[in-house]
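Undergrad: Just so it is clear, I am handing over entry20.cif, which has mmCIF, C-alpha atoms.
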data_final
#
loop_
_atom_site.label_atom_id
_atom_site.label_comp_id
_atom_site.auth_asym_id
_atom_site.auth_seq_id
_atom_site.Cartn_x
_atom_site.Cartn_y
_atom_site.Cartn_z
CA MET X 1 -121.36 59.16 38.41
CA MET X 2 -121.46 58.69 42.17
CA LEU X 3 -121.91 55.24 43.63
CA ASP X 4 -123.35 54.36 47.01
CA ARG X 5 -120.94 52.71 49.39
CA THR X 6 -122.63 49.33 49.27
CA ALA X 7 -122.44 49.12 45.49
CA LEU X 8 -118.87 50.37 45.49
CA ALA X 9 -117.81 47.86 48.11
CA HIS X 10 -119.45 45.09 46.09
CA LEU X 11 -117.66 46.08 42.90
CA ARG X 12 -114.33 46.22 44.67
CA GLN X 13 -114.50 42.60 45.81
CA GLY X 14 -112.57 41.02 43.00
CA TYR X 15 -109.52 42.42 41.41
CA GLU X 16 -105.90 41.56 40.57
CA THR X 17 -102.39 42.90 40.73
CA LEU X 18 -100.45 46.11 39.88
CA GLN X 19 -98.41 48.02 42.37
CA LYS X 20 -97.10 51.30 43.39
CA VAL X 21 -94.87 52.21 46.25
CA VAL X 22 -93.84 55.44 47.82
CA ARG X 23 -90.59 55.60 49.79
CA VAL X 24 -89.50 58.14 52.30
CA GLY X 25 -86.14 59.68 52.81
CA SER X 26 -82.93 59.73 50.83
CA ALA X 27 -79.57 61.39 51.31
CA MET X 28 -81.16 64.52 49.84
CA ALA X 29 -84.22 64.22 52.10
CA ARG X 30 -86.36 63.47 49.01
CA SER X 31 -89.26 61.05 49.35
CA VAL X 32 -89.54 58.32 46.81
CA LEU X 33 -92.68 57.05 45.15
CA CYS X 34 -92.47 53.45 44.00
CA LEU X 35 -94.91 52.01 41.52
CA TRP X 36 -95.35 48.28 41.43
CA CYS X 37 -97.56 46.74 38.77
CA CYS X 38 -98.78 43.19 39.14
CA PHE X 39 -101.33 41.50 36.92
CA SER X 40 -102.62 37.99 36.68
CA LEU X 41 -104.50 36.06 34.06
CA ALA X 42 -105.78 32.59 34.89
CA LEU X 43 -107.47 30.72 32.06
CA PHE X 44 -108.84 27.41 33.29
CA TYR X 45 -111.96 27.06 31.18
CA THR X 46 -114.00 25.60 34.01
CA SER X 47 -117.05 26.76 35.96
CA VAL X 48 -117.94 30.46 36.10
CA HIS X 49 -119.67 32.88 38.44
CA GLY X 50 -122.44 35.18 37.33
CA ARG X 51 -122.84 38.86 38.13
CA PRO X 52 -125.72 41.28 37.88
CA GLU X 53 -126.36 42.43 34.33
CA GLN X 54 -125.09 45.95 33.70
CA HIS X 55 -127.69 48.37 32.44
CA SER X 56 -126.88 49.83 29.05
CA ASP X 57 -124.74 52.94 28.84
CA SER X 58 -125.94 56.11 27.24
CA GLU X 59 -124.84 56.82 23.70
CA ASP X 60 -122.32 59.34 25.01
CA HIS X 61 -120.82 56.78 27.39
CA GLU X 62 -120.63 54.22 24.58
CA ASN X 63 -118.83 56.74 22.39
CA LYS X 64 -116.41 57.55 25.21
CA ILE X 65 -115.72 53.87 25.88
CA GLN X 66 -115.09 53.34 22.16
CA ALA X 67 -112.68 56.28 22.18
CA LEU X 68 -111.00 54.85 25.30
CA ASN X 69 -110.64 51.50 23.51
CA GLU X 70 -108.87 53.18 20.60
CA VAL X 71 -106.46 54.92 22.96
CA ASN X 72 -105.88 51.74 24.99
CA SER X 73 -105.34 49.64 21.85
CA ASP X 74 -102.72 52.04 20.54
CA PHE X 75 -101.00 52.00 23.95
CA ALA X 76 -101.17 48.18 24.05
CA PHE X 77 -99.28 47.77 20.78
CA ARG X 78 -96.71 50.43 21.66
CA LEU X 79 -96.12 48.69 25.00
CA TYR X 80 -95.86 45.30 23.29
CA LYS X 81 -93.22 46.57 20.87
CA SER X 82 -91.26 48.13 23.72
CA ILE X 83 -91.32 44.88 25.71
CA VAL X 84 -90.46 42.73 22.69
CA SER X 85 -87.47 44.91 21.80
CA GLY X 86 -85.69 43.29 24.74
CA ALA X 87 -87.24 39.84 24.36
CA GLN X 88 -87.15 38.80 20.71
CA SER X 89 -86.59 35.13 21.50
CA GLN X 90 -88.73 34.96 24.67
CA ASN X 91 -92.33 34.25 25.48
CA VAL X 92 -94.22 37.49 26.16
CA PHE X 93 -97.46 37.91 28.08
CA PHE X 94 -98.94 40.91 29.86
CA SER X 95 -102.10 42.95 30.39
CA PRO X 96 -101.94 46.30 28.58
CA LEU X 97 -105.29 47.30 30.05
CA SER X 98 -103.98 46.89 33.60
CA VAL X 99 -100.87 48.92 32.86
CA SER X 100 -102.84 51.77 31.29
CA MET X 101 -105.33 51.68 34.15
CA ALA X 102 -102.52 51.92 36.71
CA LEU X 103 -100.82 54.81 34.96
CA ALA X 104 -104.15 56.62 34.61
CA ALA X 105 -104.69 56.16 38.35
CA VAL X 106 -101.21 57.52 39.05
CA SER X 107 -102.02 60.60 36.97
CA LEU X 108 -104.65 61.53 39.58
CA GLY X 109 -101.81 62.67 41.80
CA ALA X 110 -99.50 64.11 39.13
CA GLY X 111 -99.04 67.75 38.17
CA GLY X 112 -97.21 69.88 35.65
CA GLU X 113 -94.98 68.16 33.09
CA THR X 114 -95.28 64.82 34.90
CA HIS X 115 -99.05 64.91 34.38
CA GLN X 116 -98.67 65.86 30.73
CA GLN X 117 -96.19 63.02 30.12
CA LEU X 118 -98.56 60.52 31.70
CA LEU X 119 -101.47 61.64 29.53
CA SER X 120 -99.36 61.85 26.40
CA GLY X 121 -97.69 58.50 27.03
CA LEU X 122 -101.07 56.86 27.47
CA GLY X 123 -102.32 58.50 24.29
CA PHE X 124 -104.69 61.09 25.78
CA ASN X 125 -103.06 64.02 24.02
CA SER X 126 -106.10 65.12 22.01
CA SER X 127 -109.24 67.08 22.76
CA VAL X 128 -111.43 63.95 22.89
CA PHE X 129 -111.12 63.65 26.67
CA THR X 130 -110.73 66.09 29.49
CA SER X 131 -108.80 64.68 32.45
CA GLU X 132 -112.05 64.22 34.37
CA GLU X 133 -113.70 62.44 31.41
CA MET X 134 -110.74 60.09 31.09
CA HIS X 135 -111.06 58.94 34.70
CA GLN X 136 -114.85 58.73 34.41
CA THR X 137 -114.57 56.55 31.28
CA PHE X 138 -112.10 54.24 33.00
CA LEU X 139 -114.70 53.88 35.76
CA ASP X 140 -117.42 53.13 33.19
CA LEU X 141 -115.17 50.48 31.64
CA LEU X 142 -114.40 48.92 35.05
CA LEU X 143 -118.11 48.75 35.86
CA ASN X 144 -118.84 47.25 32.45
CA LEU X 145 -116.22 44.53 32.82
CA ASN X 146 -117.01 43.66 36.42
CA GLN X 147 -120.73 43.27 35.85
CA ARG X 148 -120.38 40.85 32.95
CA THR X 149 -121.79 37.34 33.20
CA GLY X 150 -120.50 34.10 31.74
CA VAL X 151 -116.87 34.55 32.77
CA ASP X 152 -115.07 35.23 36.04
CA LEU X 153 -113.54 38.66 35.51
CA ASN X 154 -112.33 41.04 38.22
CA VAL X 155 -110.51 44.32 37.68
CA GLY X 156 -109.52 46.99 40.19
CA THR X 157 -106.96 48.60 42.48
CA ALA X 158 -105.84 48.75 46.10
CA VAL X 159 -103.62 51.15 47.99
CA TYR X 160 -101.53 50.52 51.11
CA VAL X 161 -100.54 53.68 53.01
CA ASN X 162 -97.99 53.85 55.81
CA ASP X 163 -99.63 54.89 59.09
CA THR X 164 -97.27 57.88 59.39
CA PHE X 165 -97.88 59.13 55.83
CA LYS X 166 -100.87 61.36 55.10
CA PRO X 167 -101.68 61.65 51.38
CA HIS X 168 -104.04 64.40 50.30
CA PRO X 169 -107.61 63.21 51.02
CA GLU X 170 -108.68 64.33 47.53
CA PHE X 171 -106.23 61.87 45.94
CA LEU X 172 -107.50 58.93 47.98
CA GLU X 173 -111.13 59.92 47.37
CA LYS X 174 -110.61 60.08 43.59
CA LEU X 175 -108.67 56.80 43.62
CA LYS X 176 -111.62 55.16 45.33
CA ARG X 177 -114.23 56.88 43.19
CA PHE X 178 -112.75 56.31 39.74
CA TYR X 179 -110.67 53.15 40.23
CA LEU X 180 -112.70 51.38 42.93
CA SER X 181 -109.67 51.20 45.20
CA ASP X 182 -109.51 49.25 48.44
CA GLY X 183 -107.57 51.18 51.10
CA PHE X 184 -105.37 49.87 53.92
CA SER X 185 -103.25 51.49 56.63
CA VAL X 186 -100.05 49.54 57.41
CA ASP X 187 -96.65 49.89 59.07
CA PHE X 188 -94.04 49.39 56.36
CA THR X 189 -91.25 49.25 58.93
CA LYS X 190 -92.69 45.86 59.89
CA THR X 191 -91.57 44.45 56.57
CA THR X 192 -92.41 40.79 57.16
CA GLU X 193 -95.86 41.45 58.56
CA THR X 194 -96.80 43.94 55.84
CA SER X 195 -95.34 41.78 53.07
CA ASN X 196 -97.45 38.88 54.25
CA GLN X 197 -100.55 41.07 54.36
CA ILE X 198 -100.08 42.38 50.82
CA ASN X 199 -99.11 38.97 49.46
CA LYS X 200 -102.25 37.47 50.99
CA TYR X 201 -104.38 40.11 49.28
CA VAL X 202 -102.64 39.52 45.94
CA SER X 203 -103.03 35.76 46.29
CA GLU X 204 -106.75 36.13 46.99
CA LYS X 205 -107.29 38.42 44.02
CA THR X 206 -105.35 36.14 41.68
CA HIS X 207 -106.92 32.97 43.09
CA GLY X 208 -103.51 31.72 44.23
CA LYS X 209 -101.79 32.25 40.88
CA ILE X 210 -99.40 34.81 42.40
CA SER X 211 -98.88 33.82 46.00
CA LYS X 212 -95.66 35.66 46.87
CA PHE X 213 -95.56 38.87 44.91
CA ILE X 214 -93.39 40.78 47.40
CA GLU X 215 -90.21 39.08 48.53
CA ASN X 216 -88.07 41.97 49.80
CA LEU X 217 -90.10 44.95 50.96
CA ASP X 218 -88.20 48.22 51.51
CA SER X 219 -88.86 49.47 55.05
CA ASN X 220 -88.81 53.05 53.70
CA THR X 221 -91.94 52.43 51.66
CA ILE X 222 -94.79 54.80 52.48
CA MET X 223 -97.38 53.92 49.83
CA TYR X 224 -98.05 50.87 47.69
CA LEU X 225 -100.63 50.78 44.88
CA LEU X 226 -101.92 47.57 43.33
CA SER X 227 -103.85 47.31 40.07
CA TYR X 228 -105.01 43.88 39.02
CA ILE X 229 -107.06 41.87 36.53
CA TYR X 230 -108.26 38.30 36.80
CA PHE X 231 -109.95 36.41 33.97
CA LYS X 232 -111.27 32.89 34.01
CA GLY X 233 -113.21 31.67 31.01
CA LYS X 234 -114.60 28.49 29.56
CA TRP X 235 -114.28 27.52 25.88
CA SER X 236 -117.59 27.63 24.02
CA ILE X 237 -116.20 24.69 21.99
CA PRO X 238 -114.04 22.66 24.40
CA PHE X 239 -111.10 20.40 23.69
CA ASP X 240 -111.49 16.75 24.68
CA PRO X 241 -108.66 15.73 27.06
CA LYS X 242 -108.70 12.24 25.53
CA ASN X 243 -107.41 13.76 22.29
CA THR X 244 -104.42 15.51 23.90
CA ILE X 245 -101.14 13.87 22.88
CA GLU X 246 -97.43 14.62 23.09
CA ASP X 247 -96.17 16.44 20.01
CA GLN X 248 -93.32 18.67 18.89
CA PHE X 249 -93.25 22.49 18.84
CA HIS X 250 -90.79 24.11 16.41
CA VAL X 251 -89.14 26.97 18.32
CA ASP X 252 -87.05 27.73 15.22
CA LYS X 253 -85.61 25.83 12.26
CA ASP X 254 -83.01 24.12 14.47
CA MET X 255 -84.88 23.52 17.73
CA THR X 256 -87.99 21.58 18.72
CA VAL X 257 -89.46 20.96 22.17
CA PRO X 258 -92.08 18.44 23.35
CA VAL X 259 -95.55 19.78 24.19
CA GLN X 260 -98.94 18.45 25.20
CA MET X 261 -100.95 19.21 22.05
CA MET X 262 -104.71 19.58 22.40
CA PHE X 263 -107.04 18.79 19.49
CA VAL X 264 -110.57 19.70 18.46
CA LYS X 265 -112.48 19.42 15.18
CA ASP X 266 -115.36 21.84 14.66
CA ASP X 267 -116.43 25.02 12.88
CA PHE X 268 -114.42 28.11 13.85
CA TYR X 269 -114.05 31.70 12.69
CA SER X 270 -110.79 32.45 10.91
CA TYR X 271 -109.17 34.76 8.40
CA TYR X 272 -106.04 34.69 6.28
CA ASP X 273 -104.29 38.07 6.03
CA ASN X 274 -102.36 38.08 2.75
CA GLN X 275 -100.71 41.38 3.58
CA LEU X 276 -99.13 40.00 6.76
CA SER X 277 -98.97 36.33 5.67
CA VAL X 278 -100.73 35.17 8.82
CA ARG X 279 -103.64 32.85 9.59
CA VAL X 280 -105.87 34.16 12.39
CA LEU X 281 -108.17 31.98 14.50
CA ARG X 282 -110.81 33.05 17.02
CA LEU X 283 -111.66 30.77 19.94
CA ASN X 284 -114.69 32.03 21.84
CA TYR X 285 -115.50 32.06 25.53
CA ASN X 286 -118.87 32.87 27.02
CA ASP X 287 -120.12 36.46 27.20
CA SER X 288 -118.41 37.85 24.09
CA PHE X 289 -114.83 37.26 25.19
CA SER X 290 -112.44 35.64 22.72
CA MET X 291 -108.91 34.40 22.35
CA ILE X 292 -107.42 35.42 19.01
CA LEU X 293 -104.43 33.42 17.81
CA ALA X 294 -102.21 34.64 14.96
CA LEU X 295 -100.02 32.01 13.27
CA PRO X 296 -97.56 33.47 10.73
CA ASP X 297 -96.54 31.47 7.68
CA LYS X 298 -92.88 31.77 8.61
CA ASN X 299 -90.99 34.03 11.01
CA ILE X 300 -93.00 35.81 13.70
CA VAL X 301 -90.75 38.91 13.72
CA PRO X 302 -92.15 40.54 10.54
CA LEU X 303 -95.67 40.09 11.94
CA GLU X 304 -94.71 41.77 15.22
CA GLU X 305 -93.09 44.69 13.43
CA ALA X 306 -96.01 45.30 11.06
CA LEU X 307 -98.94 44.68 13.41
CA ARG X 308 -101.14 47.64 14.38
CA PRO X 309 -104.48 47.94 16.22
CA HIS X 310 -106.42 48.29 12.97
CA HIS X 311 -105.31 44.80 11.95
CA ILE X 312 -107.24 43.30 14.87
CA THR X 313 -110.31 45.24 13.73
CA LYS X 314 -109.85 44.05 10.13
CA TRP X 315 -109.40 40.44 11.19
CA GLN X 316 -112.59 40.54 13.24
CA LYS X 317 -114.55 42.08 10.38
CA TRP X 318 -113.50 39.61 7.69
CA MET X 319 -113.46 36.36 9.65
CA SER X 320 -115.62 33.59 8.26
CA LYS X 321 -116.73 30.27 9.71
CA ARG X 322 -115.61 26.92 8.38
CA ALA X 323 -114.48 23.48 9.50
CA TYR X 324 -111.04 23.14 11.07
CA ARG X 325 -108.88 20.62 12.82
CA ILE X 326 -107.26 22.71 15.55
CA TYR X 327 -104.06 21.69 17.31
CA LEU X 328 -103.10 23.99 20.20
CA PRO X 329 -100.43 23.35 22.87
CA LYS X 330 -101.38 23.43 26.54
CA LEU X 331 -99.75 26.44 28.14
CA SER X 332 -98.61 27.45 31.59
CA LEU X 333 -96.66 30.67 31.74
CA LYS X 334 -95.51 33.20 34.34
CA THR X 335 -93.92 36.48 33.31
CA SER X 336 -92.32 39.31 35.24
CA TYR X 337 -91.22 42.65 33.81
CA SER X 338 -89.41 45.64 35.24
CA LEU X 339 -91.17 48.53 33.53
CA ILE X 340 -88.98 51.53 34.37
CA ASN X 341 -86.83 51.43 31.22
CA ILE X 342 -89.76 50.27 29.09
CA LEU X 343 -92.01 53.12 30.20
CA SER X 344 -89.20 55.68 30.08
CA GLU X 345 -88.63 54.83 26.42
CA MET X 346 -92.34 55.39 25.82
CA GLY X 347 -92.23 58.95 27.16
CA PHE X 348 -92.95 58.40 30.87
CA LYS X 349 -89.69 60.01 31.98
CA ASP X 350 -90.01 62.60 34.71
CA MET X 351 -91.95 60.42 37.14
CA PHE X 352 -88.84 58.25 37.59
CA THR X 353 -86.54 61.22 38.28
CA ALA X 354 -86.12 64.15 40.63
CA LYS X 355 -88.25 66.18 38.20
CA ALA X 356 -91.34 64.20 39.23
CA ASP X 357 -94.35 66.25 40.28
CA PHE X 358 -96.77 64.29 42.47
CA SER X 359 -98.06 67.29 44.36
CA GLY X 360 -101.56 65.87 44.01
CA ILE X 361 -100.58 63.02 46.34
CA SER X 362 -98.57 64.88 48.96
CA ASP X 363 -96.64 68.05 49.67
CA LYS X 364 -93.59 65.80 50.02
CA ASN X 365 -91.34 65.43 46.98
CA LEU X 366 -92.14 62.05 45.46
CA LEU X 367 -90.93 60.00 42.51
CA VAL X 368 -91.62 56.56 41.11
CA SER X 369 -88.66 54.34 41.93
CA GLU X 370 -89.86 50.99 40.69
CA ALA X 371 -92.52 49.55 38.39
CA VAL X 372 -93.09 45.82 38.02
CA HIS X 373 -95.61 43.85 36.00
CA LYS X 374 -96.37 40.16 36.57
CA ALA X 375 -98.78 37.97 34.66
CA THR X 376 -99.75 34.31 34.44
CA LEU X 377 -101.41 32.33 31.68
CA ASP X 378 -102.85 28.83 31.85
CA VAL X 379 -104.55 27.21 28.87
CA ASP X 380 -105.99 23.71 28.96
CA GLU X 381 -108.99 21.69 27.79
CA ALA X 382 -112.62 22.28 28.74
CA GLY X 383 -112.50 21.24 32.39
CA ALA X 384 -115.05 19.47 34.61
CA GLU X 385 -118.40 20.90 33.59
CA ALA X 386 -121.39 18.81 34.73
CA THR X 387 -123.59 19.01 31.64
CA ALA X 388 -124.32 16.57 28.82
CA VAL X 389 -126.03 16.95 25.42
CA THR X 390 -126.62 14.22 22.85
CA GLY X 391 -127.32 15.26 19.27
CA ILE X 392 -127.87 13.05 16.27
CA GLY X 393 -127.80 14.88 12.95
CA PHE X 394 -128.15 13.62 9.39
CA THR X 395 -126.60 15.54 6.48
CA PRO X 396 -125.91 14.63 2.87
CA PHE X 397 -122.44 13.24 2.32
CA SER X 398 -120.28 15.79 0.56
CA ALA X 399 -116.66 16.48 -0.15
CA ARG X 400 -116.44 19.08 2.59
CA ILE X 401 -112.82 19.99 3.17
CA THR X 402 -111.67 20.31 6.77
CA GLU X 403 -108.51 22.38 6.96
CA THR X 404 -105.86 21.69 9.61
CA LEU X 405 -104.51 24.58 11.69
CA LYS X 406 -101.63 23.53 13.91
CA PHE X 407 -99.99 25.92 16.33
CA ASP X 408 -96.63 24.15 16.40
CA GLN X 409 -94.45 27.22 15.80
CA PRO X 410 -94.25 30.70 17.41
CA PHE X 411 -97.59 32.54 17.40
CA MET X 412 -99.23 35.62 18.90
CA ILE X 413 -102.09 35.57 21.39
CA PHE X 414 -104.76 38.12 22.38
CA ILE X 415 -107.61 38.05 24.90
CA VAL X 416 -110.26 40.43 23.55
CA ASP X 417 -113.55 41.73 24.87
CA GLN X 418 -115.84 41.79 21.84
CA LYS X 419 -118.27 44.23 23.48
CA THR X 420 -115.89 47.05 24.43
CA LYS X 421 -113.22 45.94 21.89
CA ASN X 422 -110.52 46.18 24.57
CA VAL X 423 -107.46 43.95 24.46
CA LEU X 424 -107.30 42.58 28.01
CA PHE X 425 -104.11 40.56 27.48
CA MET X 426 -101.63 40.01 24.68
CA GLY X 427 -98.33 38.29 24.00
CA LYS X 428 -96.54 35.68 21.98
CA ILE X 429 -95.61 32.05 22.53
CA VAL X 430 -92.11 31.31 21.29
CA ASN X 431 -91.32 28.27 23.42
CA PRO X 432 -94.18 26.65 25.38
CA ALA X 433 -91.67 24.49 27.25
CA ILE X 434 -90.44 27.57 29.12
CA SER X 435 -92.90 28.40 31.89
CA GLU X 436 -91.23 31.43 33.54
CA VAL X 437 -89.91 34.64 31.98
CA SER X 438 -88.27 37.58 33.77
CA GLN X 439 -87.13 40.76 32.08
#
What's the structure tokens form of this structure?

TA:
Amino acid sequence: MMLDRTALAHLRQGYETLQKVVRVGSAMARSVLCLWCCFSLALFYTSVHGRPEQHSDSEDHENKIQALNEVNSDFAFRLYKSIVSGAQSQNVFFSPLSVSMALAAVSLGAGGETHQQLLSGLGFNSSVFTSEEMHQTFLDLLLNLNQRTGVDLNVGTAVYVNDTFKPHPEFLEKLKRFYLSDGFSVDFTKTTETSNQINKYVSEKTHGKISKFIENLDSNTIMYLLSYIYFKGKWSIPFDPKNTIEDQFHVDKDMTVPVQMMFVKDDFYSYYDNQLSVRVLRLNYNDSFSMILALPDKNIVPLEEALRPHHITKWQKWMSKRAYRIYLPKLSLKTSYSLINILSEMGFKDMFTAKADFSGISDKNLLVSEAVHKATLDVDEAGAEATAVTGIGFTPFSARITETLKFDQPFMIFIVDQKTKNVLFMGKIVNPAISEVSQ
């Protein structure tokens, strides 16, 4: 699918943070390709901005997007387990969709075994997709997400190229075509000036949530790729700030921390999974987006170890609606991950070594020298929405039981698009009193 420049420029307006850098020169005269990944989620539950309605996809496109969702979901849970292996007692939050999108974009310039490892690591090692179809389906997904109404959602990429470095035009054209990439020419030897320029872009795309992504820019950098996602939604059933009180969160059997606990009483969709001993709650936003919360009966570790993508599908299928008293802590979290070891363990090996083949980007020898992922999460009550509805209803008095569901111990969290079934963000809250995590 070819887009006219006006439409493409419009779609590339809003996007968030993932990054990739390419360095020049080493003692062995080998150029270095650095990949930086930066993502941001901002959940404020306030006003939203509409976008043009996307026309329906063909049946073939829908089937491809469904297949892409299955691949992305499998990658999401493998990435989660890899991250958690080094953070059992830490809060975890990241965007698996942004990571997979960035790696797919990188594969545009990869060849040989490096290309095969990228496709295999992402999960595209079957005959369902050709390489071209994979990139085309990512584009279809990006267009789908960015044209949704009811929430503020922006997804995309940007590339910064040193003014002395000339990547293959085909690589830049495909990056723009399939991943809606903004392109900039910069002088990386002017580290302060270029850092400020990139940080300003990141700050704009994340609405100020990540204002200083780059702190120490290597002057040898020759290319820098960002991939970002920004989500801002409003609860369909808001929490009343007047009901928020200080409460205790049980980090483990020996430790509690104070939290601001929100409260709402209403009808919600939930499901109890006997196999995993976990209660699952769905809190809806507008436009078919949801937050799914999974509260285990006891320790969260067995849930993490057993959880697979099909469990999310099962939970969604068997949820039923009933009355609940919901207690949920307000959250503000920033995470930062170095992904080199994490991705290497998942099969993305050669691109970080001298074996890397990025001949699709340049005739220079390139490798990925760094990969970083950053994310933010903010959860609070409904926000300042200027609408009012008064309803007076009369029902027979009955002994209707309202169950209490209190998230006062470690739980898992997912942001899910109900239409494409993609997991946009996932993680776990172990200690809501800790607002920053680096790994």

Undergrad: Applied to the shown file, which residues does the PyMOL selection byres ((chain X and resi 81-94) around 7) return, written as a PyMOL selection string?

TA: chain X and resi 77-80+95-96+335+342+375+425-431+437

Undergrad: If I take atom CA of X:Trp318 and atom CA of X:Leu276, how far is one from the other in Å, to one decimal?

TA: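 For atom CA of X:Trp318 relative to atom CA of X:Leu276, the distance reads 14.4 Å.
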
Undergrad: Could you give me, as a ChimeraX atom specification, the residues within 8 Å of stretch 347-350 of chain X, counting all atoms listed in the file and dropping anything in the same chain fewer than 3 positions from it?

TA: /X:113-114,117-118,120-121,343-344,353-357

Undergrad: Could you write out the selected residues, including C-alpha atoms, as a compact mmCIF listing (two decimals), in the coordinates of the input?

TA:
# COMPACT_ATOMS: atom_id res chain seq x y z
CA GLU X 113 -94.98 68.16 33.09
CA THR X 114 -95.28 64.82 34.90
CA GLN X 117 -96.19 63.02 30.12
CA LEU X 118 -98.56 60.52 31.70
CA SER X 120 -99.36 61.85 26.40
CA GLY X 121 -97.69 58.50 27.03
CA LEU X 343 -92.01 53.12 30.20
CA SER X 344 -89.20 55.68 30.08
CA THR X 353 -86.54 61.22 38.28
CA ALA X 354 -86.12 64.15 40.63
CA LYS X 355 -88.25 66.18 38.20
CA ALA X 356 -91.34 64.20 39.23
CA ASP X 357 -94.35 66.25 40.28

Undergrad: Which distance in Å separates atom CA of X:Gln66 and atom CA of X:Lys421, to one decimal?

TA: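 So the two atoms, atom CA of X:Gln66 and atom CA of X:Lys421, lie 7.6 Å apart.
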
Undergrad: Nearest residue to X:Leu331 out of X:Pro238, X:Ser435, X:Asp254, X:Pro309, using all atoms listed in the file?

TA: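 Between X:Pro238, X:Ser435, X:Asp254, X:Pro309, the residue approaching X:Leu331 most closely is X:Ser435.
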
Undergrad: Evaluate the PyMOL selection byres ((chain X and resi 404) around 12) and record the selected residues as number ranges by chain, following the chain and residue labels used in the document.

TA: X: 263-268, 270, 279, 281, 322-328, 401-403, 405-408

Undergrad: Could you list, as a PyMOL selection string, every residue within 10 Å of X:Val106, counting all atoms listed in the file and ignoring same-chain residues fewer than 2 positions away?

TA: chain X and resi 20+35+100-104+108-110+115+118+171+175+225+351+358+360-361+368

Undergrad: Name the closest residue to X:Ile434 among the candidates X:Met223, X:Val257, X:Leu283, X:Ile340; distances are taken between atoms, counting all atoms listed in the file.

TA: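 Closest residue, counting all atoms listed in the file: X:Val257.
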
Undergrad: Please measure the separation of atom CA of X:Glu204 and atom CA of X:Ser338, giving the value in Å to one decimal.

TA: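 So the answer is 23.0 Å.
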
Undergrad: Which one is closest to X:Tyr228: X:Ile292, X:Val99, X:Met412, X:Val161? Count all atoms listed in the file.

TA: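 Distance minimum relative to X:Tyr228 lands on X:Val99.
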
Undergrad: Take the PyMOL selection byres ((chain X and resi 245) around 7), run it mentally on this structure, and tell me the resulting residues as a PyMOL selection string.

TA: chain X and resi 243-244+246-247+260-262

Undergrad: Counting all atoms listed in the file, figure out which residue out of X:Glu345, X:Glu381, X:Val202, X:Leu293 gets nearest to X:Lys242.

TA: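 Closest to X:Lys242, using all atoms listed in the file: X:Glu381.
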
Undergrad: Counting all atoms listed in the file, which residue out of X:Thr376, X:Phe414, X:Gln136, X:Tyr337 sits closest to X:Gly208?

TA: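 Among the listed residues, X:Thr376 lies closest to X:Gly208.
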
Undergrad: Counting all atoms listed in the file, which of X:Asp182, X:Glu170, X:Asp152, X:Glu305 gets nearest to X:Leu226?

TA: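 Going through X:Asp182, X:Glu170, X:Asp152, X:Glu305 one by one, the smallest distance to X:Leu226 is for X:Asp182.
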
Undergrad: Compile the contact shell of X:Ser203 as a count of residues only: residues with an atom at most 9 Å away, counting all atoms listed in the file, same-chain residues fewer than 5 positions apart removed.

TA: 8
